[in-house]
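Have a look at the structure below before the remarks.
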Amino acid sequence: MSDKVSSQIDVATIDGDAVTDPWREFRLVERITLELSQSYKYSLGKYSRFFIELENRRFLATRCEACGKVYAPPRPLCPACLQPTAWTELSGEGAVETWSALHFSPASNADARALETPYVLVYVLLDGADTLFPHLLKTPPDQVRRGLRVRVVYSDEPVRHPIHLMYFVPIST
Amino acid sequence: MPKHPVIAAVGSTAISSEHRGSNARDLMTEAVLDCLADAGLDDLSAVEHGLASYESDHFNLQMTLGAILQDTIGLTPKPGLRIEGGGATGALALRTAWAHVVSGLCDSILVYGVEKNGRGVSSRTANQLFALSADVDWEMMIGGTYTGFYAAMIRAHMAAFGTTEEQFAHVAVRNRRNAGFNPIAQKPMDISVDDVLASLPIAEPYKLLDCSLLSDGAACILLATEDWASAHCPRFRQRPPVYFSASGCGSDTMRLGDRYPHITNFRAKQAAARQAYQMAGIKEPLAEIDVAELYDSYSGVEIQAVEDLGFAAAGAGGPAVAVGAFDLDGDLPVNTSGGLLGRGAPVGATGILQAIEVAQQLWESVDARRQVEGARRGLTDTHAGIASISVVNIFERRD
Ligand SMILES: [Zn+2]
């Protein structure tokens with residue numbers, strides 16, 4: 001290992017014929033570790049009120065006054081009418097339309113850590129909405145089915161991204 | 001009637017989980033030199049235009065890679081551009097190149113695609129980087145991954161049509177088997193439906209063997225007018241001409257939930273196919289297309305695709321796949337290359353690799369074990385995300 005290149009992983013010679021390989025001059029390969037991390041001053045833009053109201057335990061969607069469609073997640077502009085929408089409050093209750101239990105978590109989400117697996121990604125048709133809202137459903141995967149009634153729970157834990165101020169749980173019957 | 005380009009020449013690297021001896025520009029160089037040899041050209045001096053096809057600045061840790069690639073192969077100071085469209089990048093690059101030739105902007109254009117998606121980063125980081133191409137605030141931050149979004153879609157398909165895990169396991173088996181007849185394929189496997197069903201769950205109902213590969217690789221196609229190819233490529237006349245005769249493109253909402261209630265299938269793909277079929281004069285796709293490379297990012301996606309492309313009725317894709325309708329000896333062989341599941345999927349090269357497979361099928365130059373006899377017309381289907389962008393390209397042999 002190199003004592004001059006601290007990031008060096010290895011140096012290897014790639015296989016190839018000494019005469020016929022057109023790249024025989026270039027078979028020595030060094031690999032190094034590169035790291036890049038950055039933080040962003042990231043605006044939540046016209047979505048902001050949705051996230052701010054989660055802190056007040058209110059669940060907002062937007063409604064197009066022109067066509068009546070209710071968007072959850074909110075859309076500031078109705079793509080069908082190209083009209084600015086208006087905020088409207090929903091109960092936060094709805095039904096599971098489709099879902100997946102994930103056994104493999106990405107390296108990090110907003111909380112900069114992998115989620116405990118398995119976790120359940122659900123698409124919920126909220127009462128009063130016309131689109132499906134994706135989020136986590138905190139329940140064992142074998143309890144999930146299409147049509148399962150669920151409600152929003154508001155989190156009191158500090159979070160890194162305000163989308164984590166909420167999640168879904170089944171409505172116990 | 002516009003003058004459609006021909007595929008003047010093709011080239012590629014082997015597709016691998018890691019080309020450790022090569023960075024992106026090395027891989028692209030290899031594919032371009034392979035294409036040059038296929039054309040019988042000594043250099044690129046006659047070629048009028050370049051077009052770089054790659055998806056990710058993150059995987060490559062290099063922005064403006066398109067300009068670097070153009071420079072690497074000495075195409076400067078000729079015009080060049082870079083095309084990005086997620087998973088559809090390679091097919092969108094070809095469509096853009098097609099438009100350059102059809103419009104008369106140039107008579108020849110070299111489309112070079114490359115990606116190093118292999119082991120440069122961990123699978124977890126790769127999933128994270130791919131998740132950045134979802135809606136960051138609403139889908140990615142909650143821990144959503146594309147495997148999860150696709151899984152939720154196929155579950156909706158199962159609920160609506162009774163599609164089964166066994167049915168999509170057939171796709172995983174067949175495409176990996178086909179890969180065994182393709183010398184550049186990354187992961188040929190001889191597996192059974194039971195092997196797929198028993199593999200580790202990743203995002204239910206998708207299991208490890210339902211999932212496509214992370215790959216390193218590059219591919220290159222020289223598109224040109226037939227006159228240009230005849231005049232400049234010494235080897236062009238040794239094969240029957242294959243025309244890039246039609247292209248369609250569609251789009252859909254970024255988030256699956258915004259498509260409700262249309263969450264079982266890909267509307268963008270349906271739109272792209274409609275356009276391409278109209279342009280090509282195709283009325284009965286199953287009867288009028290002889291070979292097709294479909295975007296099998298996950299096994300069930302091929303079932304959704306055969307429906308959206310009109311090869312099977314809505315909901316009939318699962319049973320059709322399971323009885324072998326799309327096997328090498330079926331009604332319409334698909335993913336003869338092995339597809340994304342078996343050949344591999346270096347994103348910026350994927351759509352180009354699909355077109356190369358179709359062209360070589362039409363030239364009747366592939367391994368006899370996967371050759372479709374007498375194929376005259378082929379199709380590629382490529383999409384981004386969960387088909388927020390979809391591209392259908394059609395190629396025809398005209399002797
Ligand atoms: Zn509206």
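By convention here, the chains of the structure tokens are called A, B, ... in the order presented, each chain's residues are numbered starting at 1, and ligands are numbered starting at 1 in the order presented.
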
request  = Please check which protein, DNA or RNA residues sit within 12 Å of ligand 1, counting only C-alpha atoms and all ligand atoms, and write them as number ranges by chain.
outcome  = A: 62-71, 75-86, 130

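Residues from chain A that have an atom within 7 Å of chain B, counting only C-alpha atoms, are A:Ile14, A:Val29, A:Thr98, A:Trp99, A:Ser100, A:Ala101, A:Leu102, A:His103, A:Phe104, A:Ser105, A:Pro106, A:Ala107, A:Ser108, A:Asn109, A:Ala110, A:Leu121, A:Tyr123, A:Thr131, A:Leu132, A:Phe133, A:Pro134, A:His135, A:Leu136, A:His164.
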
task = Take atom CA of Glu115 of chain B and atom CA of Leu213 of chain B and report the distance between them in Å, one decimal.
result = 12.6 Å

key: Close residues, Ile73 of chain B itself excluded, 10 Å, only C-alpha atoms, min 2 positions apart in chain, as an NGL selection string   = :B and (25 or 28-29 or 32-33 or 43-44 or 50 or 68-71 or 75-76)

Write out, as a short mmCIF file (atom, residue, chain, number, x, y, z; two decimals), in the first residue's frame, the residues just selected, with N, CA and C atoms.
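Result file again-v3.cif:
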```cif
data_model
loop_
_atom_site.label_atom_id
_atom_site.label_comp_id
_atom_site.auth_asym_id
_atom_site.auth_seq_id
_atom_site.Cartn_x
_atom_site.Cartn_y
_atom_site.Cartn_z
N ARG B 25 -14.80 7.18 -19.09
CA ARG B 25 -14.31 7.55 -20.43
C ARG B 25 -13.55 6.40 -21.09
N MET B 28 -16.33 4.14 -22.53
CA MET B 28 -16.91 4.76 -23.72
C MET B 28 -15.94 4.63 -24.89
N THR B 29 -14.66 4.82 -24.64
CA THR B 29 -13.65 4.69 -25.69
C THR B 29 -13.69 3.30 -26.32
N VAL B 32 -16.73 2.92 -28.52
CA VAL B 32 -16.61 3.70 -29.76
C VAL B 32 -15.64 3.01 -30.73
N LEU B 33 -14.53 2.51 -30.22
CA LEU B 33 -13.57 1.82 -31.11
C LEU B 33 -14.20 0.55 -31.69
N ASP B 43 -11.25 6.22 -38.59
CA ASP B 43 -11.36 7.32 -37.62
C ASP B 43 -12.75 7.95 -37.75
N LEU B 44 -12.97 8.98 -36.96
CA LEU B 44 -14.30 9.61 -36.91
C LEU B 44 -14.36 10.91 -37.71
N GLY B 50 -21.77 14.54 -32.44
CA GLY B 50 -21.70 13.61 -31.32
C GLY B 50 -22.90 13.78 -30.41
N ILE B 68 -16.47 15.97 -21.93
CA ILE B 68 -15.22 15.22 -21.76
C ILE B 68 -15.19 14.02 -22.72
N LEU B 69 -16.33 13.36 -22.87
CA LEU B 69 -16.39 12.21 -23.78
C LEU B 69 -16.16 12.65 -25.22
N GLN B 70 -16.82 13.74 -25.61
CA GLN B 70 -16.66 14.29 -26.97
C GLN B 70 -15.19 14.60 -27.23
N ASP B 71 -14.53 15.16 -26.25
CA ASP B 71 -13.10 15.49 -26.32
C ASP B 71 -12.26 14.21 -26.40
N LEU B 75 -13.85 14.30 -31.21
CA LEU B 75 -14.93 14.84 -32.05
C LEU B 75 -14.94 16.37 -32.04
N THR B 76 -14.13 16.97 -31.19
CA THR B 76 -14.05 18.43 -31.19
C THR B 76 -13.45 18.90 -32.51
#
```

key: Spatial neighbours of Asp195 of chain B, max dist 10 Å, only C-alpha atoms, sep filter under 6 positions, as a list of chain:residue names   = B:Ala169, B:Ala172, B:Val173, B:Leu209

request  = Would you please extract all strand (DSSP E) residues from segment 47-286 of chain B, as assigned by DSSP on the backbone, and give them as a PyMOL selection string?
outcome  = chain B and resi 49-53+80-83+108-116+201-203+206-207+216-224+242-251
